[in-house]
Structure formats: structure tokens, C-alpha cells
Amino acid sequence: MANAQQSKESWGTRVGVIMAVTGSAVGLGNFLRFPGLAAQYEGGAFMIPYFVALLVLGLPLAWAEWAMGRFGGRHGFNSAPGIYRSIWRNRLAPYCGVLGLLIPVVIYMYYVLIESWCLGYAYYFLTGEMAQLGAQATLPGGGLDKQVYVDFFNSFTGADANGVSTSGQGVSALVFLAICFALNFALIYRGLRRGIEKFCLIAMPALIVCAVVVLVRVLTLPGITSGLGFMWNPRTDNVGFVQSLLNADMWLAATGQIFFSLSVGFGIIVTYSSYLKKDDDIALSSLTASAGNEFCEVALGGLITIPAAFLFLGAVQVTAASGSSFNLGFMTLPMVFESMPMGRAMGFLFFFLLFLAAVTSSLSMLQPAIALLEEGLGLNRRASVALLGFITLMGTGFIFYFSKGTLALATFDFWVGTFFIFLLALFQTILFGWVLEIDRGMAELDSGAQIRVPRVVGYMLKYVSPVYLSVIFVAWLYKQITTKDGNMFHVVATKPIATMAVAFIGLVTLLFVFLIGQSVKRWELVEQNQQEVQI
């Protein structure tokens with residue numbers, strides 16, 4: 001690609017890019033999804049498949065994405081289609097990049113909605129409305145009625161019926177959504193250095209401070225050791241420890257959590273790393289970003305959420321809530337904070353840190369598509385942001401209106417947030433190990449590196465990771481297909497809203513395929529003109 005096509009944008013500092021990549025990884029999954037899964041799957045037993053997936057898939061794939069991204073950046077590309085095209089000189093290569101655009105953009109459509117819920121809950125804790133809710137929920141003999149919090153969540157989010165959130169009772173939800181949507185696009189409009197990097201340099205430390213304050217309060221609660229034991233001990237209440245490790249569902253869940261934890265398979269890291277210079281370190285930076293995310297997830301999220309919930313609500317309610325991030329985060333945890341000394345302040349800080357974590361993640365989801373619109377179609381920043389804003393607004397509006405039972409949101413999350421992520425992760429391991437090949441890939445990692453990545457990582461990416469991913473993916477598909485009730489294939493076939501959601505995803509996919517096709521024509525024309533000038 002011509003130097004003329006090289007984006008003028010770049011990261012300002014090494015710390016800035018690490019904070020941005022860490023921010024893209026640290027999100028709601030760290031503080032809600034991870035603790036819930038760990039509690040659901042026998043506590044500490046879950047950590048074994050979790051760390052296996054981290055070592056076999058997470059870290060190697062993170063290094064691969066950093067290497068492929070910077071490789072593509074040196075050839076003038078910042079978007080997944082362009083980066084894949086620079087690595088694999090095949091006409092299909094850029095079209096494989098459609099997943100690198102579709103996944104973050106569609107996830108943003110529903111992620112920003114959940115982000116607005118976090119902001120709303122932080123506001124309600126700060127103003128004391130949650131305290132009033134707690135007073136209504138207080139039972140005569142002590143304790144709290146969870147149904148009050150369930151009703152509040154359903155009313156606030158419109159989970160009771162489609163279109164409720166657009167009525168008078170849901171107007172506050174619409175206000176919080178508008179604030180979050182505007183904030184994300186205001187920051188992305190400012191670009192990498194003045195928008196994403198500057199915000200993450202402020203938001204990530206603020207997030208850590210909020211989390212530490214809440215953590216200190218939780219760890220100083222009387223009797224908290226019982227909650228820590230529930231979270232971290234390999235529990236054998238129902239089955240033996242070895243038998244629990246044979247649970248295929250747990251291995252599937254752990255693998256999916258690693259994808260969400262590190263933002264691998266999203267198409268985000270390859271775009272972020274493409275803005276680095278040739279001699280910028282990526283080996284240590286990738287490891288640092290991954291370690292920062294794991295600290296937030298394991299040391300903060302794992303020590304705050306479940307132990308506190310267990311202490312105040314007991315094992316039965318925690319286990320019941322752990323199967324859903326919504327149940328745990330928006331129905332159960334408010335009860336915990338209302339039962340806790342200084343609960344109003346802790347509730348505000350917790351949901352505010354969730355909001356900050358959500359913004360740093362949702363913000364990163366917009367850049368991959370912006371990169372294609374700028375380098376592929378030649379649009380300026382304003383036009384790119386406006387076009388992407390329109391596309392995502394349509395999707396978010398669809399989910400916001402069809403809110404009953406969060407079915408539309410769940411459908412988006414299943415197909416894009418799980419199914420397509422597996423496909424993209426598998427494609428990228430093959431692209432790195434078999435197309436870029438181990439020698440060139442590891443050489444890219446070594447360039448400017450402040451640590452030496454073990455050579456075995458290259459062989460893991462070429463041989464181990466694709467096989468591991470394929471087995472997990474096939475097992476996951478088999479489970480979905482053979483599940484009699486509730487599998488998403490059946491839901492799409494029988495639920496009109498789910499069918500419309502899949503159709504919407506299909507339309508967005510076709511749009512991105514068209515945009516990639518136009519970009520390829522433009523790239524080929526530029527390359528042809530360059531060759532004529534050189535002759």
C-alpha cells in the first residue's frame with residue numbers, strides 16, 4: 001500500500017496504547033460475567049480450564065494479533081480487511097475481515113445499552129433512589145424482597161414488554177442511553193490520541209481506584225472469609241473435583257470468557273496495534289495489557305462480587321443469580337449494597353466503575369470500522385463517524401425497542417458475541433501460523449521487543465491453538481444443536497424478534513461486504529497508479 005494511504009494517526013505514548021488495549025479488554029465481563037461463571041462452575045475448579053484457555057489461546061492469540069496488526073500497519077493498513085490482505089495476497093483475504101468489522105460494531109449496539117444501565121444505577125445510588133427501593137423491599141422479619149429489584153430492573157430496561165422503554169416510565173433509560181451514545185462518538189471523533197488514548201489514561205486509573213475502594217470495604221466486612229471460600233475453593237458439594245473437571249460446559253464457558261477478557265477474536269487489537277511504529281515494542285506491551293486485564297478480572301472482580309453476595313444472600317441466591325450477568329449485576333448486587341454498611345457509597349462507586357469499564361470497551365469497538373471507512377473509502381473523520389453513528393444507532397434502537405425478555409439483545413450476543421468470535425479467532429490462528437508463518441510472525445514480535453517471546457508460542461499458534469479451538473467450537477455447536485429447549489437455532493426459527501435480529505445482522509454483514517469491495521477497488525487503483533509512476 002502506498003505511504004499516501006498510511007493513516008496520519010498514531011498513539012502518543014506507550015503507556016497510552018497499553019491503557020487503551022487494557023481498557024478495550026476490561027469491561028463488564030470482568031466484574032460480572034467472570035465472577036458469575038466461577039461461582040456457577042464449582043468455584044475454584046473453574047480456574048483450571050480458565051488458565052488453560054489463557055495459556056493455550058488467550059496470550060498466544062493476543063501476541064499474534066499485535067504482530068499481525070503492526071505488520072499490516074507498516075504496509076499502510078489499519079482495518080482488519082486491509083491487514084489480512086497485506087498478510088494473505090488472496091482476493092478472499094479482505095472479505096474474511098468482515099468479521100473484524102461486524103463483531104465489534106454489532107457488540108457495540110447492545111453493549112452501549114448495558115453501559116447506560118450501569119450509568120443509570122450509579123445515578124440512582126448517588127441520588128438515594130436505590131435506598132428508597134431498599135425501604136420498599138424490606139421485609140417485616142428482616143431481609144429484602146428480591147422481586148422489588150427485579151421489577152425495578154424490568155421497568156427501567158423495558159424487559160416486561162416491547163417498547164416500554166420509549167414510554168413515560170422508561171424515559172430515564174432513554175436519557176442515559178443518549179448520554180452514553182453521545183459520549184462514545186464524541187470521543188471517537190477526537191481520534192486515537194486526543195480521544196481514545198486521553199480518555200483511557202484518565203478512565204483506567206479512576207476505574208482501578210473505584211475498584212480498590214470497593215474491594216477494601218468488601219474485604220473488611222465481618223465474616224467475608226466464608227464468601228472468599230465459596231468463590232475460590234474447589235467446591236465438591238455435588239460432584240468430586242475430578243468429575244467437575246470433566247464438565248464440557250465449563251471448558252466452553254472458560255474459553256468464551258478468555259475471549260471476552262482479552263478482547264481477542266474481536267478485531268480490535270489488530271486495528272489498535274496497526275497504529276504502532278515498526279520498532280515499537282509489542283511483545284511486552286501485549287503481555288502488560290493482558291496482565292492488567294487479568295488483575296482487574298481475577299484480583300478485583302473475583303474478590304468483590306461473589307464473596308459479598310454470598311455473605312449477605314447465601315449460596316442459594318448467589319448460585320441462582322450466577323447464571324446471568326443481568327440477574328447478578330442489576331438484581332442481586334443492589335440488594336447486597338443495600339445490606340452493607342456504607343452501601344449507598346459503595347453501590348455508586350461499583351456501578352460507576354462498571355460504567356467506566358464499559359466506556360473504555362465500547363469506545364474501542366468503534367475504531368475498527370472507522371479505520372475502514374477512512375482508509376478504504378477515503379472518508380474524513382466527520383463523515384466516517386456520522387456513517388458509523390447512523391449504522392449503530394439503528395441497531396441500538398432495534399434492541400432498545402424490542403426489549404421484552406432481552407431476547408433481541410441475547411440473539412445479537414449469541415451470533416456475534418459468541419459464534420462469530422470463535423470463527424474469527426480460528427481464522428486468525430491459521431492466518432498467523434500457516435500464512436504469515438512462524439518465522440515471519442515471531443520476527444515481527446521480536447522487532448523492538450523488550451522481552452523475547454518463547455518460540456514455542458509460534459508452534460502453539462500453528463498446531464495447538466487451531467485444534468483446541470476447533471474441538472471447543474464443535475463441542476459448543478453440538479451442545480447448542482442437541483439442546484431440546486432454549487437453543488438459539490430453535491429460538492431463531494420460532495421467535496419473530498430473534499428472526500428479525502438475525503436478519504438485521506445479515507443486512508449489516510452485507511453492508512460491510514459491499515464497503516470492503518469498494519475499498520479493495522480503491523486500493524487496487526492506488527497500487528496500479530503507484531506501479532505506473534515507478535515505471
# chains A, B, ... in the order shown; residues from 1 in each chain; ligands from 1

call {"tool": "residues_around", "arguments": {"residues": "Ala211 in chain A", "least_positions_apart": "5", "cutoff": "9 Å", "atoms": "only C-alpha atoms", "output": "list in words"}}
result
Ala206, Val216, Cys296, Leu300, Gly301, Ile304, Leu349, Phe350 and Leu353 of chain A

call {"tool": "residues_around", "arguments": {"residues": "Pro104 in chain A", "least_positions_apart": "3", "cutoff": "10 Å", "atoms": "only C-alpha atoms", "output": "PyMOL selection string"}}
result
chain A and resi 99-101+107-109+111+263+265-268+361-369+416-417+421

call {"tool": "select_by_dssp", "arguments": {"residues": "range 263-490 of chain A", "states": "alpha helix (DSSP H)", "output": "ChimeraX atom specification"}}
result
/A:269-273,283-294,302-313,315-321,325-326,333-339,343-364,367-375,381-401,407-414,421-430,438-446,456-459,465-482,488-490

call {"tool": "write_last_selection", "arguments": {"atoms": "C-alpha atoms", "output": "tab-separated table (two decimals), in the first residue's frame"}}
result
chain	number	residue	atom	x	y	z
A	269	ILE	CA	-6.29	-5.44	18.80
A	270	VAL	CA	-5.22	-5.83	15.16
A	271	THR	CA	-6.56	-2.34	14.49
A	272	TYR	CA	-5.06	-0.75	17.60
A	273	SER	CA	-1.61	-2.28	17.02
A	283	ALA	CA	5.80	-8.29	23.00
A	284	LEU	CA	5.98	-6.74	26.46
A	285	SER	CA	3.14	-4.30	25.73
A	286	SER	CA	0.83	-7.19	24.84
A	287	LEU	CA	1.83	-9.09	27.97
A	288	THR	CA	1.36	-5.97	30.12
A	289	ALA	CA	-2.11	-5.28	28.70
A	290	SER	CA	-3.11	-8.92	29.24
A	291	ALA	CA	-1.76	-8.90	32.79
A	292	GLY	CA	-3.60	-5.66	33.56
A	293	ASN	CA	-6.84	-7.19	32.38
A	294	GLU	CA	-6.30	-10.37	34.40
A	302	GLY	CA	-13.27	-12.14	41.61
A	303	LEU	CA	-12.78	-10.69	45.11
A	304	ILE	CA	-15.62	-8.17	45.07
A	305	THR	CA	-18.77	-9.53	43.52
A	306	ILE	CA	-19.40	-13.11	44.63
A	307	PRO	CA	-17.87	-13.01	48.15
A	308	ALA	CA	-20.02	-10.01	49.10
A	309	ALA	CA	-23.15	-11.52	47.56
A	310	PHE	CA	-22.54	-14.84	49.35
A	311	LEU	CA	-22.03	-13.11	52.68
A	312	PHE	CA	-25.35	-11.26	52.59
A	313	LEU	CA	-27.54	-13.57	50.50
A	315	ALA	CA	-25.11	-19.76	48.46
A	316	VAL	CA	-28.59	-20.48	47.07
A	317	GLN	CA	-29.31	-16.97	45.80
A	318	VAL	CA	-25.76	-16.47	44.53
A	319	THR	CA	-25.86	-19.70	42.53
A	320	ALA	CA	-29.28	-18.79	41.12
A	321	ALA	CA	-28.03	-15.37	40.06
A	325	SER	CA	-24.95	-11.20	34.37
A	326	PHE	CA	-28.23	-9.29	34.47
A	333	LEU	CA	-25.88	-6.74	43.77
A	334	PRO	CA	-28.14	-3.75	44.57
A	335	MET	CA	-29.56	-5.88	47.38
A	336	VAL	CA	-26.04	-6.59	48.59
A	337	PHE	CA	-25.09	-2.92	48.72
A	338	GLU	CA	-28.33	-2.01	50.46
A	339	SER	CA	-27.47	-4.59	53.14
A	343	GLY	CA	-23.76	0.59	50.91
A	344	ARG	CA	-25.03	3.70	49.15
A	345	ALA	CA	-21.49	4.99	48.51
A	346	MET	CA	-20.19	1.53	47.62
A	347	GLY	CA	-23.10	0.94	45.25
A	348	PHE	CA	-22.43	4.22	43.47
A	349	LEU	CA	-18.69	3.50	43.17
A	350	PHE	CA	-19.28	-0.04	41.92
A	351	PHE	CA	-21.73	0.88	39.18
A	352	PHE	CA	-19.65	3.93	38.26
A	353	LEU	CA	-16.60	1.70	37.80
A	354	LEU	CA	-18.77	-0.60	35.67
A	355	PHE	CA	-19.73	2.42	33.60
A	356	LEU	CA	-16.08	3.47	33.14
A	357	ALA	CA	-15.09	-0.09	32.25
A	358	ALA	CA	-17.94	-0.27	29.75
A	359	VAL	CA	-16.98	3.02	28.06
A	360	THR	CA	-13.32	2.02	27.60
A	361	SER	CA	-14.56	-1.19	25.96
A	362	SER	CA	-17.37	0.22	23.84
A	363	LEU	CA	-15.14	3.03	22.62
A	364	SER	CA	-12.64	0.51	21.24
A	367	GLN	CA	-12.33	2.19	15.79
A	368	PRO	CA	-12.09	-0.91	13.50
A	369	ALA	CA	-14.98	0.28	11.30
A	370	ILE	CA	-13.75	3.89	11.40
A	371	ALA	CA	-10.38	2.67	10.11
A	372	LEU	CA	-12.01	1.01	7.07
A	373	LEU	CA	-14.18	3.99	6.26
A	374	GLU	CA	-11.17	6.30	6.36
A	375	GLU	CA	-8.55	4.22	4.57
A	381	ARG	CA	-13.26	11.70	10.27
A	382	ARG	CA	-16.57	13.56	10.42
A	383	ALA	CA	-18.14	11.57	7.60
A	384	SER	CA	-16.85	8.27	8.99
A	385	VAL	CA	-18.19	8.97	12.46
A	386	ALA	CA	-21.54	10.12	11.07
A	387	LEU	CA	-21.98	7.00	8.91
A	388	LEU	CA	-20.99	4.62	11.68
A	389	GLY	CA	-23.17	6.54	14.12
A	390	PHE	CA	-26.18	6.00	11.87
A	391	ILE	CA	-25.48	2.26	11.48
A	392	THR	CA	-25.02	1.63	15.19
A	393	LEU	CA	-27.97	3.85	16.11
A	394	MET	CA	-30.25	1.66	14.00
A	395	GLY	CA	-29.01	-1.47	15.76
A	396	THR	CA	-29.16	0.00	19.26
A	397	GLY	CA	-32.62	1.38	18.54
A	398	PHE	CA	-33.77	-2.07	17.42
A	399	ILE	CA	-32.56	-3.68	20.67
A	400	PHE	CA	-33.86	-0.78	22.77
A	401	TYR	CA	-37.37	-1.06	21.32
A	407	LEU	CA	-34.44	-11.53	23.53
A	408	ALA	CA	-33.11	-9.24	20.80
A	409	LEU	CA	-30.04	-8.49	22.91
A	410	ALA	CA	-29.46	-12.19	23.61
A	411	THR	CA	-29.77	-13.04	19.90
A	412	PHE	CA	-27.19	-10.42	18.94
A	413	ASP	CA	-24.89	-11.66	21.69
A	414	PHE	CA	-25.18	-15.33	20.69
A	421	ILE	CA	-15.85	-14.69	17.69
A	422	PHE	CA	-14.97	-18.39	17.56
A	423	LEU	CA	-14.77	-18.21	13.76
A	424	LEU	CA	-12.58	-15.10	13.72
A	425	ALA	CA	-10.25	-16.46	16.42
A	426	LEU	CA	-9.84	-19.70	14.46
A	427	PHE	CA	-9.16	-17.80	11.24
A	428	GLN	CA	-6.53	-15.62	12.89
A	429	THR	CA	-4.61	-18.56	14.36
A	430	ILE	CA	-4.48	-20.12	10.89
A	438	ILE	CA	6.05	-18.89	12.34
A	439	ASP	CA	9.39	-17.38	11.27
A	440	ARG	CA	7.93	-14.13	9.92
A	441	GLY	CA	5.37	-13.89	12.70
A	442	MET	CA	7.87	-14.36	15.50
A	443	ALA	CA	10.30	-12.00	13.78
A	444	GLU	CA	7.56	-9.34	13.82
A	445	LEU	CA	7.07	-9.93	17.55
A	446	ASP	CA	10.84	-9.67	18.15
A	456	VAL	CA	7.00	-22.42	21.42
A	457	VAL	CA	4.28	-19.76	21.14
A	458	GLY	CA	4.60	-19.85	17.37
A	459	TYR	CA	4.18	-23.62	17.27
A	465	SER	CA	-4.49	-23.42	19.22
A	466	PRO	CA	-6.40	-24.24	15.99
A	467	VAL	CA	-7.05	-27.80	17.17
A	468	TYR	CA	-8.09	-26.67	20.65
A	469	LEU	CA	-10.39	-24.02	19.17
A	470	SER	CA	-11.90	-26.45	16.69
A	471	VAL	CA	-12.66	-29.04	19.36
A	472	ILE	CA	-14.19	-26.43	21.67
A	473	PHE	CA	-16.21	-24.92	18.82
A	474	VAL	CA	-17.56	-28.27	17.62
A	475	ALA	CA	-18.45	-29.27	21.18
A	476	TRP	CA	-20.21	-25.94	21.69
A	477	LEU	CA	-22.17	-26.33	18.43
A	478	TYR	CA	-23.12	-29.89	19.32
A	479	LYS	CA	-24.42	-28.72	22.68
A	480	GLN	CA	-26.49	-26.00	21.03
A	481	ILE	CA	-27.96	-28.28	18.39
A	482	THR	CA	-28.79	-31.14	20.75
A	488	MET	CA	-30.62	-20.34	19.78
A	489	PHE	CA	-31.12	-22.16	16.49
A	490	HIS	CA	-34.60	-23.17	17.65

call {"tool": "closest_atom_pairs", "arguments": {"of": "range 117-227 of chain A", "to": "range 18-23 of chain A", "cutoff": "9 Å", "atoms": "only C-alpha atoms", "output": "tab-separated table"}}
result
residue	atom	partner	partner_atom	distance
A:Ile196	CA	A:Ala20	CA	6.8
A:Glu197	CA	A:Ala20	CA	5.8
A:Lys198	CA	A:Ala20	CA	8.9
A:Phe199	CA	A:Ala20	CA	8.6
A:Cys200	CA	A:Ala20	CA	5.6
A:Leu201	CA	A:Met19	CA	6.2
A:Ala203	CA	A:Gly23	CA	8.4
A:Met204	CA	A:Gly23	CA	6.6

call {"tool": "write_last_selection", "arguments": {"atoms": "C-alpha atoms", "output": "mmCIF file, in the first residue's frame"}}
result
data_model
loop_
_atom_site.group_PDB
_atom_site.id
_atom_site.type_symbol
_atom_site.label_atom_id
_atom_site.label_comp_id
_atom_site.auth_asym_id
_atom_site.auth_seq_id
_atom_site.Cartn_x
_atom_site.Cartn_y
_atom_site.Cartn_z
ATOM 1 C CA ILE A 196 -9.350 7.147 22.931
ATOM 2 C CA GLU A 197 -5.868 7.431 24.440
ATOM 3 C CA LYS A 198 -6.563 10.545 26.501
ATOM 4 C CA PHE A 199 -9.796 9.139 27.910
ATOM 5 C CA CYS A 200 -8.249 5.755 28.785
ATOM 6 C CA LEU A 201 -5.312 7.436 30.520
ATOM 7 C CA ALA A 203 -10.559 6.370 32.995
ATOM 8 C CA MET A 204 -8.398 3.307 33.675
#

call {"tool": "residues_around", "arguments": {"residues": "Val150 in chain A", "least_positions_apart": "3", "cutoff": "9 Å", "atoms": "only C-alpha atoms", "output": "ChimeraX atom specification"}}
result
/A:146-147,153-155,327,330-332

call {"tool": "write_last_selection", "arguments": {"atoms": "N, CA and C atoms", "output": "PDB file, in the first residue's frame"}}
result
ATOM      1  N   LYS A 146     -36.351  -9.681  46.881  1.00  0.00           N
ATOM      2  CA  LYS A 146     -35.651  -9.527  45.612  1.00  0.00           C
ATOM      3  C   LYS A 146     -36.579  -9.097  44.488  1.00  0.00           C
ATOM      4  N   GLN A 147     -37.851  -9.458  44.581  1.00  0.00           N
ATOM      5  CA  GLN A 147     -38.785  -9.163  43.499  1.00  0.00           C
ATOM      6  C   GLN A 147     -38.898  -7.667  43.257  1.00  0.00           C
ATOM      7  N   PHE A 153     -35.703  -3.406  37.691  1.00  0.00           N
ATOM      8  CA  PHE A 153     -34.877  -3.661  36.508  1.00  0.00           C
ATOM      9  C   PHE A 153     -35.738  -3.818  35.262  1.00  0.00           C
ATOM     10  N   ASN A 154     -36.793  -4.590  35.369  1.00  0.00           N
ATOM     11  CA  ASN A 154     -37.668  -4.812  34.216  1.00  0.00           C
ATOM     12  C   ASN A 154     -38.321  -3.521  33.747  1.00  0.00           C
ATOM     13  N   SER A 155     -38.709  -2.674  34.699  1.00  0.00           N
ATOM     14  CA  SER A 155     -39.322  -1.400  34.346  1.00  0.00           C
ATOM     15  C   SER A 155     -38.306  -0.455  33.711  1.00  0.00           C
ATOM     16  N   ASN A 327     -29.019 -10.860  36.143  1.00  0.00           N
ATOM     17  CA  ASN A 327     -29.503 -11.220  37.475  1.00  0.00           C
ATOM     18  C   ASN A 327     -28.508 -10.821  38.544  1.00  0.00           C
ATOM     19  N   PHE A 330     -27.661  -6.495  38.168  1.00  0.00           N
ATOM     20  CA  PHE A 330     -28.683  -5.462  38.306  1.00  0.00           C
ATOM     21  C   PHE A 330     -29.843  -5.847  39.218  1.00  0.00           C
ATOM     22  N   MET A 331     -29.899  -7.096  39.644  1.00  0.00           N
ATOM     23  CA  MET A 331     -30.976  -7.508  40.548  1.00  0.00           C
ATOM     24  C   MET A 331     -30.444  -7.951  41.914  1.00  0.00           C
ATOM     25  N   THR A 332     -29.301  -8.636  41.911  1.00  0.00           N
ATOM     26  CA  THR A 332     -28.763  -9.171  43.160  1.00  0.00           C
ATOM     27  C   THR A 332     -27.819  -8.193  43.856  1.00  0.00           C
TER      28      THR A 332
END

call {"tool": "closest_atom_pairs", "arguments": {"of": "range 147-242 of chain A", "to": "range 39-57 of chain A", "cutoff": "7 Å", "atoms": "only C-alpha atoms", "output": "JSON lines"}}
result
{"residue": "A:Phe230", "atom": "CA", "partner": "A:Gly43", "partner_atom": "CA", "distance": 6.5}
{"residue": "A:Met231", "atom": "CA", "partner": "A:Gly43", "partner_atom": "CA", "distance": 4.9}
{"residue": "A:Trp232", "atom": "CA", "partner": "A:Gly44", "partner_atom": "CA", "distance": 4.3}
{"residue": "A:Asn233", "atom": "CA", "partner": "A:Gly44", "partner_atom": "CA", "distance": 4.8}
{"residue": "A:Pro234", "atom": "CA", "partner": "A:Gly44", "partner_atom": "CA", "distance": 4.3}
{"residue": "A:Arg235", "atom": "CA", "partner": "A:Glu42", "partner_atom": "CA", "distance": 5.1}

call {"tool": "closest_residue", "arguments": {"among": "A:Glu65, A:Leu139, A:Leu377, A:Ser403", "to": "Ala161 in chain A", "atoms": "only C-alpha atoms"}}
result
A:Ser403
